[in-house]
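Q: Structure supplied as start-v3.tsv; contents: TSV, C-alpha atoms.
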chain	number	residue	atom	x	y	z
T	1	MET	CA	96.99	51.33	27.38
T	2	ARG	CA	93.42	51.93	26.26
T	3	PHE	CA	92.67	53.97	23.14
T	4	THR	CA	89.18	55.41	22.49
T	5	TYR	CA	88.27	57.07	19.21
T	6	TYR	CA	85.72	59.91	19.18
T	7	GLY	CA	85.82	60.66	15.46
T	8	HIS	CA	87.88	62.89	13.15
T	9	SER	CA	91.16	63.50	15.05
T	10	CYS	CA	89.64	63.29	18.52
T	11	PHE	CA	90.73	60.36	20.65
T	12	ALA	CA	91.68	59.53	24.22
T	13	VAL	CA	94.29	57.32	25.80
T	14	GLU	CA	94.33	56.16	29.40
T	15	ILE	CA	97.79	55.99	30.99
T	16	LYS	CA	98.44	55.27	34.67
T	17	GLY	CA	94.79	56.03	35.42
T	18	LYS	CA	94.94	59.42	33.68
T	19	LYS	CA	92.51	60.10	30.85
T	20	ILE	CA	94.22	62.11	28.11
T	21	LEU	CA	92.02	63.59	25.39
T	22	PHE	CA	93.29	64.93	22.07
T	23	ASP	CA	91.85	67.56	19.71
T	24	PRO	CA	88.21	67.52	20.89
T	25	PHE	CA	85.85	67.92	17.92
T	26	ILE	CA	82.71	65.95	18.69
T	27	THR	CA	79.58	68.13	18.82
T	28	PRO	CA	79.86	69.49	15.23
T	29	ASN	CA	80.83	66.08	13.80
T	30	GLY	CA	77.82	64.25	12.38
T	31	LEU	CA	79.76	60.98	12.40
T	32	ALA	CA	80.05	61.27	16.20
T	33	LYS	CA	76.37	62.08	16.79
T	34	ASP	CA	75.93	59.17	19.21
T	35	ILE	CA	78.64	60.44	21.56
T	36	ASP	CA	77.51	62.63	24.46
T	37	VAL	CA	80.26	65.21	24.82
T	38	ASN	CA	79.19	65.84	28.41
T	39	GLN	CA	80.12	62.26	29.28
T	40	VAL	CA	83.65	62.51	27.90
T	41	ALA	CA	86.13	62.31	30.77
T	42	ALA	CA	89.51	64.04	30.71
T	43	ASP	CA	92.35	64.78	33.09
T	44	TYR	CA	94.38	66.34	30.28
T	45	ILE	CA	93.51	67.77	26.87
T	46	PHE	CA	96.25	68.02	24.25
T	47	LEU	CA	95.68	70.36	21.30
T	48	SER	CA	97.82	69.91	18.21
T	49	HIS	CA	96.70	73.25	16.73
T	50	GLY	CA	93.91	75.79	16.78
T	51	HIS	CA	91.61	74.86	13.89
T	52	GLU	CA	87.95	74.48	14.81
T	53	ASP	CA	87.91	70.80	13.82
T	54	HIS	CA	90.45	70.17	16.61
T	55	ILE	CA	89.34	72.59	19.31
T	56	ALA	CA	85.55	73.00	19.00
T	57	ASP	CA	84.65	71.23	22.27
T	58	CYS	CA	87.77	72.15	24.24
T	59	VAL	CA	86.33	74.97	26.34
T	60	ASN	CA	83.20	72.97	27.18
T	61	ILE	CA	85.09	69.81	28.17
T	62	ALA	CA	87.86	71.65	30.01
T	63	SER	CA	85.37	73.69	32.04
T	64	GLY	CA	83.28	70.63	32.86
T	65	THR	CA	86.14	68.30	33.80
T	66	GLY	CA	88.80	70.69	35.08
T	67	ALA	CA	91.29	69.04	32.70
T	68	LYS	CA	94.67	70.66	32.17
T	69	VAL	CA	94.99	71.81	28.54
T	70	VAL	CA	98.40	71.42	26.89
T	71	CYS	CA	98.82	73.53	23.78
T	72	SER	CA	100.86	76.22	22.05
T	73	PHE	CA	101.51	79.44	23.93
T	74	GLU	CA	99.14	81.35	21.64
T	75	ILE	CA	96.26	78.90	22.23
T	76	HIS	CA	97.05	79.02	25.96
T	77	ILE	CA	96.52	82.82	25.89
T	78	TRP	CA	93.31	82.41	23.86
T	79	LEU	CA	91.94	79.78	26.26
T	80	ASN	CA	92.74	81.99	29.25
T	81	SER	CA	90.63	84.70	27.62
T	82	GLN	CA	87.79	82.15	27.36
T	83	GLY	CA	88.00	81.45	31.10
T	84	ILE	CA	90.10	78.28	30.86
T	85	THR	CA	93.12	78.91	33.08
T	86	ASN	CA	94.30	75.37	33.86
T	87	THR	CA	96.67	75.34	30.90
T	88	HIS	CA	100.25	74.30	30.15
T	89	PRO	CA	101.83	76.08	27.16
T	90	MET	CA	104.49	74.32	25.09
T	91	ASN	CA	106.19	74.76	21.74
T	92	THR	CA	108.02	72.67	19.17
T	93	GLY	CA	111.25	71.20	20.49
T	94	GLY	CA	110.10	71.40	24.10
T	95	LYS	CA	109.73	68.47	26.49
T	96	TRP	CA	107.93	68.12	29.82
T	97	ALA	CA	107.57	65.36	32.42
T	98	PHE	CA	103.91	64.96	33.41
T	99	ASP	CA	102.59	62.56	36.06
T	100	PHE	CA	101.74	59.95	33.38
T	101	GLY	CA	104.99	60.22	31.38
T	102	THR	CA	107.08	62.55	29.25
T	103	VAL	CA	105.87	64.48	26.21
T	104	LYS	CA	108.10	65.91	23.48
T	105	CYS	CA	106.60	68.49	21.10
T	106	VAL	CA	107.69	68.01	17.50
T	107	VAL	CA	107.20	69.76	14.18
T	108	ALA	CA	103.95	69.53	12.24
T	109	GLN	CA	103.77	71.16	8.82
T	110	HIS	CA	100.32	72.74	8.72
T	111	SER	CA	98.55	75.99	9.67
T	112	SER	CA	96.91	77.04	12.94
T	113	GLY	CA	94.27	79.74	13.01
T	114	LEU	CA	91.82	79.88	15.90
T	115	PRO	CA	88.03	79.89	15.40
T	116	ASP	CA	87.86	83.69	15.81
T	117	GLY	CA	90.57	84.19	13.18
T	118	SER	CA	93.38	84.93	15.62
T	119	TYR	CA	96.80	83.31	15.34
T	120	GLY	CA	97.11	79.88	16.93
T	121	GLY	CA	100.90	79.56	17.03
T	122	ASN	CA	102.88	76.66	15.62
T	123	PRO	CA	101.01	73.41	14.93
T	124	MET	CA	102.60	70.52	16.80
T	125	GLY	CA	102.90	66.78	17.06
T	126	PHE	CA	103.53	64.92	20.31
T	127	VAL	CA	105.80	62.01	21.24
T	128	PHE	CA	104.63	60.28	24.44
T	129	THR	CA	107.07	58.18	26.45
T	130	THR	CA	105.36	56.29	29.27
T	131	GLU	CA	105.73	53.15	31.38
T	132	GLU	CA	102.71	51.69	29.58
T	133	GLY	CA	104.02	52.31	26.06
T	134	ASN	CA	105.22	55.01	23.68
T	135	PHE	CA	103.33	56.62	20.84
T	136	TYR	CA	103.44	59.51	18.38
T	137	TYR	CA	100.52	61.70	17.41
T	138	SER	CA	101.55	63.78	14.42
T	139	GLY	CA	98.63	66.21	14.50
T	140	ASP	CA	97.58	67.58	11.13
T	141	THR	CA	100.68	67.59	8.98
T	142	ALA	CA	102.26	67.04	5.63
T	143	LEU	CA	104.94	64.40	5.31
T	144	THR	CA	108.14	65.97	6.60
T	145	LEU	CA	111.75	64.82	6.91
T	146	ASP	CA	111.64	65.96	10.56
T	147	MET	CA	109.71	62.76	11.27
T	148	GLN	CA	112.99	60.89	10.96
T	149	LEU	CA	113.95	62.43	14.32
T	150	VAL	CA	111.06	60.77	16.15
T	151	PRO	CA	112.78	57.38	16.69
T	152	GLN	CA	115.57	59.24	18.48
T	153	TYR	CA	113.03	60.32	21.10
T	154	ALA	CA	111.19	57.00	21.57
T	155	SER	CA	110.76	53.48	20.28
T	156	LEU	CA	107.10	53.56	19.29
T	157	HIS	CA	104.40	51.02	20.03
T	158	PHE	CA	101.94	52.79	17.74
T	159	ALA	CA	101.39	56.06	15.87
T	160	VAL	CA	98.32	58.19	15.21
T	161	LEU	CA	98.51	59.73	11.74
T	162	PRO	CA	96.13	61.67	9.47
T	163	ILE	CA	95.30	59.78	6.29
T	164	GLY	CA	92.51	61.76	4.62
T	165	ASP	CA	94.66	63.72	2.12
T	166	ASN	CA	93.73	67.20	0.76
T	167	PHE	CA	94.43	69.03	4.06
T	168	THR	CA	97.03	66.59	5.42
T	169	MET	CA	98.94	63.48	4.44
T	170	GLY	CA	97.10	60.89	2.42
T	171	ILE	CA	97.63	57.14	2.51
T	172	ASP	CA	100.90	57.03	0.56
T	173	ASP	CA	102.53	59.79	2.59
T	174	ALA	CA	101.30	58.26	5.85
T	175	ILE	CA	102.99	54.99	4.88
T	176	GLN	CA	106.22	56.88	4.24
T	177	ALA	CA	105.77	58.66	7.57
T	178	ALA	CA	105.45	55.25	9.26
T	179	ARG	CA	108.77	54.28	7.69
T	180	PHE	CA	110.41	57.48	8.92
T	181	ILE	CA	109.19	56.96	12.48
T	182	GLN	CA	109.95	53.22	12.36
T	183	CYS	CA	106.48	52.18	13.44
T	184	ASN	CA	104.39	49.52	11.70
T	185	ARG	CA	101.18	49.99	13.71
T	186	VAL	CA	99.15	53.05	12.75
T	187	ILE	CA	95.78	54.36	13.88
T	188	GLY	CA	94.31	56.53	11.15
T	189	VAL	CA	92.57	59.83	11.88
T	190	HIS	CA	91.36	62.91	9.98
T	191	TYR	CA	89.37	61.04	7.35
T	192	ASP	CA	85.71	60.75	6.17
T	193	THR	CA	84.44	63.71	8.25
T	194	PHE	CA	84.12	66.02	5.24
T	195	GLY	CA	83.72	65.39	1.53
T	196	PHE	CA	87.29	66.51	0.89
T	197	ILE	CA	88.79	63.74	3.05
T	198	LYS	CA	86.71	60.63	2.35
T	199	ILE	CA	88.76	57.48	1.82
T	200	ASP	CA	88.29	53.91	0.60
T	201	HIS	CA	88.77	51.91	3.80
T	202	GLU	CA	89.58	48.62	2.11
T	203	LYS	CA	92.17	50.13	-0.20
T	204	ALA	CA	93.74	52.02	2.68
T	205	ARG	CA	94.12	48.89	4.80
T	206	GLU	CA	95.49	46.96	1.81
T	207	ALA	CA	98.05	49.67	1.07
T	208	PHE	CA	99.42	49.45	4.60
T	209	SER	CA	99.25	45.65	4.63
T	210	ASP	CA	101.26	45.51	1.39
T	211	GLN	CA	104.06	47.28	3.29
T	212	ALA	CA	103.84	44.85	6.24
T	213	MET	CA	102.06	47.51	8.31
T	214	LYS	CA	98.79	47.44	10.24
T	215	LEU	CA	96.28	50.27	9.81
T	216	HIS	CA	93.46	50.57	12.36
T	217	LEU	CA	90.36	52.43	11.23
T	218	LEU	CA	88.04	52.79	14.24
T	219	GLN	CA	84.42	53.86	14.44
T	220	PRO	CA	83.53	56.83	16.69
T	221	GLY	CA	83.08	55.44	20.19
T	222	GLU	CA	85.20	52.35	19.52
T	223	THR	CA	87.89	51.36	22.02
T	224	LEU	CA	91.12	49.49	21.36
T	225	ASP	CA	93.42	47.96	23.96
T	226	ILE	CA	97.02	48.48	22.86
Can the structure from this file be put into structure tokens for me?
A:
Amino acid sequence: MRFTYYGHSCFAVEIKGKKILFDPFITPNGLAKDIDVNQVAADYIFLSHGHEDHIADCVNIASGTGAKVVCSFEIHIWLNSQGITNTHPMNTGGKWAFDFGTVKCVVAQHSSGLPDGSYGGNPMGFVFTTEEGNFYYSGDTALTLDMQLVPQYASLHFAVLPIGDNFTMGIDDAIQAARFIQCNRVIGVHYDTFGFIKIDHEKAREAFSDQAMKLHLLQPGETLDI
């Protein structure tokens, strides 16, 4: 499985030849200035919630690629009103078998307003179960005891967790989340983009290492084979 980081919480994984993009926020992100959003390929786009820093480039990429957008029912309705009709609405607790594998929607403790101020439905995390490996993307979230349910859905090869604090979990809570989900390999997201969420990279890696865990901090545009 190939993992490509586009900055903030935007990343892509390639599974069974399908390119799956998450939370596209590239154009407004100064840290991702070298990435041409028009060259980003996608067969699917998964949206964890409706905040602008997770959805800003969704309409552009979806219209250009024809990707199917998987999101909450409320975001599905909003996207339809924007002319994006290739959508698949889901909600927390739901599961669906796609052509690349199965996705379970799980609880994320956050908020979810859309860029125009309308309601974005429940924020979500996703548990992917595939022939090429299993992973959990928590979306923006606080640490929650519901994470202890994740290992019942899949034995994880890696997890994608926010680590920037202030709006989401910070380093300490992300380490506890990794314990809850029984996964020692974490790719950090939602850090450094804004002043509120800047982190010390060395201290973050050391904190995970001290708990016998591996934290990956990728640069926008960097690819990792998992």
Q: Would you compute the distance between atom CA of T:Pro162 and atom CA of T:Lys104? Give it in Å to one decimal.
A: 18.9 Å
Q: Do you know which residues are at most 6 Å from stretch 142-145 of chain T counting only C-alpha atoms, after dropping those on the same chain fewer than 6 positions away, and could you put them as a count of residues only?
A: 4
Q: Of the residues T:Gly120, T:Pro24, T:Gly17, T:Pro151, which is the one nearest to T:Ala56, using all atoms listed in the file?
A: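 Smallest separation from T:Ala56 among the options: T:Pro24.
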Q: Any idea what's packed within 6 Å of stretch 67-76 of chain T, counting only C-alpha atoms, ignoring anything in its chain fewer than 5 positions away? Could you give it as a ChimeraX atom specification?
A: /T:42-47,62,86-91,120-121
Q: Which is closer to T:Tyr5 than all the others in T:Ile171, T:Met124, T:Leu218, T:Val107, using only C-alpha atoms?
A: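 With only C-alpha atoms as the atom set, the closest residue is T:Leu218.
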Q: Any idea what's packed within 8 Å of T:Asp53, counting all atoms listed in the file, ignoring anything in its chain fewer than 5 positions away? Could you give it as a tab-separated table (two decimals) with C-alpha atoms, in the coordinates of the input?
A:
chain	number	residue	atom	x	y	z
T	8	HIS	CA	87.88	62.89	13.15
T	23	ASP	CA	91.85	67.56	19.71
T	24	PRO	CA	88.21	67.52	20.89
T	25	PHE	CA	85.85	67.92	17.92
Q: From the set T:His49, T:Arg179, T:Lys33, T:His201, which residue has the shortest atom-to-atom contact distance to T:Val150, counting all atoms listed in the file?
A: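 Checking each candidate against T:Val150, we get T:Arg179 as the closest.
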Q: For the atom pair atom CA of T:Val189 and atom CA of T:Ile163, what is the interatomic distance in Å to one decimal place?
A: 6.2 Å
Q: Excluding T:Thr223 and any residue of its chain fewer than 4 positions from it, enumerate the residues within 10 Å of it, using all atoms listed in the file, and give them as a list of chain:residue names.
A: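 Answer for this query is T:Arg2, T:Phe3, T:Thr4, T:Tyr5, T:Tyr6, T:Phe11, T:Ala12, T:Val13, T:Leu218, T:Gln219.
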Q: Can you tell me, as a list in words, which residues sit within 6 Å of (82.0, 68.9, 28.5) in the file's frame, using all atoms listed in the file?
A: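 Here is the list of nearby residues: Val37, Asn38, Asn60, Ile61 and Gly64 of chain T.
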Q: Mind checking which residues fall within 10 Å of T:Tyr119, counting all atoms listed in the file, ignoring those fewer than 4 positions away in the same chain, and posting them as an MDAnalysis selection string?
A: chainID T and resid 50 74:75 78 111:115
Q: What does the distance between atom CA of T:Gly7 and atom CA of T:Gly188 come to in Å, to one decimal place?
A: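 Atom-to-atom, atom CA of T:Gly7 to atom CA of T:Gly188, that is 10.4 Å.
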Q: Quick one: what's the axis-aligned box for stretch 201-211 of chain T, all listed atoms, 6 Å on every side, centre and edges in Å to one decimal, as lines of an AutoDock Vina configuration file?
A:
center_x = 96.4
center_y = 48.8
center_z = 2.3
size_x = 27.3
size_y = 18.5
size_z = 17.0
Q: Which residue out of T:Val103, T:Met213, T:Gln182, T:Pro220 has the minimum interatomic distance to T:Leu149 when only C-alpha atoms are used?
A: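 Smallest distance to T:Leu149 is found for T:Gln182.
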Q: Model the absent atoms of stretch 61-73 of chain T so that N, CA and C atoms are present, and write the result as a tab-separated table (two decimals), in the coordinates of the input.
A:
chain	number	residue	atom	x	y	z
T	61	ILE	N	84.58	70.98	27.44
T	61	ILE	CA	85.09	69.81	28.17
T	61	ILE	C	86.03	70.24	29.28
T	62	ALA	N	86.91	71.20	28.99
T	62	ALA	CA	87.86	71.65	30.01
T	62	ALA	C	87.14	72.28	31.20
T	63	SER	N	86.09	73.05	30.93
T	63	SER	CA	85.37	73.69	32.04
T	63	SER	C	84.58	72.66	32.84
T	64	GLY	N	84.07	71.63	32.17
T	64	GLY	CA	83.28	70.63	32.86
T	64	GLY	C	84.09	69.62	33.64
T	65	THR	N	85.31	69.34	33.17
T	65	THR	CA	86.14	68.30	33.80
T	65	THR	C	87.26	68.86	34.66
T	66	GLY	N	87.64	70.12	34.41
T	66	GLY	CA	88.80	70.69	35.08
T	66	GLY	C	90.11	70.20	34.51
T	67	ALA	N	90.08	69.58	33.33
T	67	ALA	CA	91.29	69.04	32.70
T	67	ALA	C	92.32	70.13	32.44
T	68	LYS	N	93.59	69.76	32.54
T	68	LYS	CA	94.67	70.66	32.17
T	68	LYS	C	94.84	70.60	30.66
T	69	VAL	N	94.86	71.75	29.98
T	69	VAL	CA	94.99	71.81	28.54
T	69	VAL	C	96.43	72.12	28.17
T	70	VAL	N	97.02	71.26	27.35
T	70	VAL	CA	98.40	71.42	26.89
T	70	VAL	C	98.34	71.83	25.42
T	71	CYS	N	98.99	72.94	25.11
T	71	CYS	CA	98.82	73.53	23.78
T	71	CYS	C	99.93	74.53	23.52
T	72	SER	N	99.90	75.16	22.35
T	72	SER	CA	100.86	76.22	22.05
T	72	SER	C	100.63	77.42	22.97
T	73	PHE	N	101.63	78.28	23.06
T	73	PHE	CA	101.51	79.44	23.93
T	73	PHE	C	100.35	80.33	23.48
